[in-house]
Amino acid sequence: MMVRGLVLTLLVCGLLICSARAFGQVGKVYPSEGKVYTDEKTGHEVVMLTTHPATDDKMYQTHPSWTADGNYIVFKSDRSGSTQLFALSEKDGTITQLTDGGMNLGTACVGRLRNNIFLMRDTKLVALDIDKVVGGAPESAETVIAEMPVGLVPSSALSQSADGLLLGFMARVDEKDRWVIMTINVKDGSAKTVFESDFKLGHLQFSPAPQPNPTTAGTWIMYCHETGGDADQRTWIINTAERKPIPFYREQPDEWVTHEVWSPDGAGAYFTRWQPVKSVMYVSKADFSSRVLGDGPYWHVGVSRAGDAITCDMMDGKILHIPATGGDPVLLTAGHRNRKGAHPHPSFSPTGDRVLFNSNRNGSSDLFTARVKKGSGA
């Protein structure tokens, strides 16, 4: 059932946050923790990017972990006493603290076009300039994009459109399980309601492919019916201009699909299927046809920017590489998760030569990369 008559407005700010605010440990630099080893089972090079006893957690594999210029990996860590955002330099491995309290880190989204992060501070949607924090100027690093309406808080990570103009988010409207998808224009703070739902929404992702004319043709958003388990129809897409939800992969009664992620060209999506046969699959946006890329107990899936390969994890901590057209999987590395350990959530580096993931190999959750061998299929 569609919810009608919902009025949502945003107050445009476009102002720098007051420099009188205390910045605590923002800008604090930790030395490189990088260590390299060769996986004893596969022969692939593995790099421990973090080895601190704290809990370090990469961004979800549907969203960017690397900054737009590829120089930093953004991650969450409680190494400073509370969970905050950090930037790890790809040049020398040093780690710089980016936030220190007051932020809703669950909303954090690394920018596609600039070295920034979008997230919520209290009721304000802000952009955090990573280069300014690393460069020693945290007092001028935050810009307010918009003031959110009272009671409307994004329920998960924001998502940025391919042209960088829009931020999309989901929010619960009231206690009656009414939900809304909205977009915010990063230039003027204006907001639009794309969709109103009477079921819980999750995993919102803008298509990574730029549209010829997004103003008139709209931009595609993928989202899911979030149940914490199996939904009758999980994966949906919607165009911001037409605003009509469309089932993406039409599930059969005996199917359970999950962990969807766009292909880099926006022509389809990859996801894992847990029932009736465990596998990783691809579905086309053009005609909604699907194909199985490989059978196996795959968990989460990430895709390279070139679109030539996908990476999957398994619940026992294996990280695999699979050609995007299907074929035999290559084991990159293993032994990265105990039964209650962090989910690996693997994703490719911008150049596609490494896979980034969470690992419990050292006891606590750390960030690791496994190198993809040239000319070997992985």
# chains A, B, ... in the order shown; residues from 1 in each chain; ligands from 1
call {"tool": "closest_atom_pairs", "arguments": {"of": "region 109-141 of chain A", "to": "region 153-169 of chain A", "cutoff": "10 Å", "atoms": "only C-alpha atoms", "output": "JSON lines"}}
result
{"residue": "A:Cys109", "atom": "CA", "partner": "A:Leu158", "partner_atom": "CA", "distance": 5.5}
{"residue": "A:Val110", "atom": "CA", "partner": "A:Gln160", "partner_atom": "CA", "distance": 8.4}
{"residue": "A:Gly111", "atom": "CA", "partner": "A:Gln160", "partner_atom": "CA", "distance": 6.9}
{"residue": "A:Arg112", "atom": "CA", "partner": "A:Gly164", "partner_atom": "CA", "distance": 6.7}
{"residue": "A:Leu113", "atom": "CA", "partner": "A:Gly164", "partner_atom": "CA", "distance": 6.5}
{"residue": "A:Arg114", "atom": "CA", "partner": "A:Gly164", "partner_atom": "CA", "distance": 8.9}
{"residue": "A:Ile117", "atom": "CA", "partner": "A:Leu158", "partner_atom": "CA", "distance": 9.9}
{"residue": "A:Phe118", "atom": "CA", "partner": "A:Leu158", "partner_atom": "CA", "distance": 7.3}
{"residue": "A:Leu119", "atom": "CA", "partner": "A:Leu158", "partner_atom": "CA", "distance": 7.2}
{"residue": "A:Met120", "atom": "CA", "partner": "A:Pro154", "partner_atom": "CA", "distance": 8.3}
{"residue": "A:Asp122", "atom": "CA", "partner": "A:Val153", "partner_atom": "CA", "distance": 9.0}
{"residue": "A:Thr123", "atom": "CA", "partner": "A:Val153", "partner_atom": "CA", "distance": 7.5}
{"residue": "A:Lys124", "atom": "CA", "partner": "A:Val153", "partner_atom": "CA", "distance": 9.6}
{"residue": "A:Leu125", "atom": "CA", "partner": "A:Val153", "partner_atom": "CA", "distance": 9.8}
call {"tool": "residues_around", "arguments": {"residues": "Ile237 (chain A)", "least_positions_apart": "4", "cutoff": "8 Å", "atoms": "only C-alpha atoms", "output": "ChimeraX atom specification"}}
result
/A:220-223,245-248
call {"tool": "select_by_dssp", "arguments": {"residues": "region 57-204 of chain A", "states": "strand (DSSP E or B)", "output": "count of residues only"}}
result
72
call {"tool": "closest_residue", "arguments": {"among": "A:Thr235, A:Asn362, A:Ser304, A:Ser190", "to": "Phe288 (chain A)", "atoms": "only C-alpha atoms"}}
result
A:Thr235
call {"tool": "residues_around", "arguments": {"residues": "Val194 (chain A)", "least_positions_apart": "3", "cutoff": "6 Å", "atoms": "only C-alpha atoms", "output": "list in words"}}
result
Ile181, Met182, Thr240 and Arg243 of chain A
call {"tool": "write_last_selection", "arguments": {"atoms": "C-alpha atoms", "output": "mmCIF file, in the first residue's frame"}}
result
data_model
loop_
_atom_site.group_PDB
_atom_site.id
_atom_site.type_symbol
_atom_site.label_atom_id
_atom_site.label_comp_id
_atom_site.auth_asym_id
_atom_site.auth_seq_id
_atom_site.Cartn_x
_atom_site.Cartn_y
_atom_site.Cartn_z
ATOM 1 C CA ILE A 181 13.411 6.847 -0.449
ATOM 2 C CA MET A 182 14.602 10.424 -0.948
ATOM 3 C CA THR A 240 14.057 8.832 -10.085
ATOM 4 C CA ARG A 243 9.262 6.688 -9.705
#
call {"tool": "closest_residue", "arguments": {"among": "A:Ser284, A:Ser207, A:Thr55, A:Thr107", "to": "Asn358 (chain A)", "atoms": "only C-alpha atoms"}}
result
A:Thr55
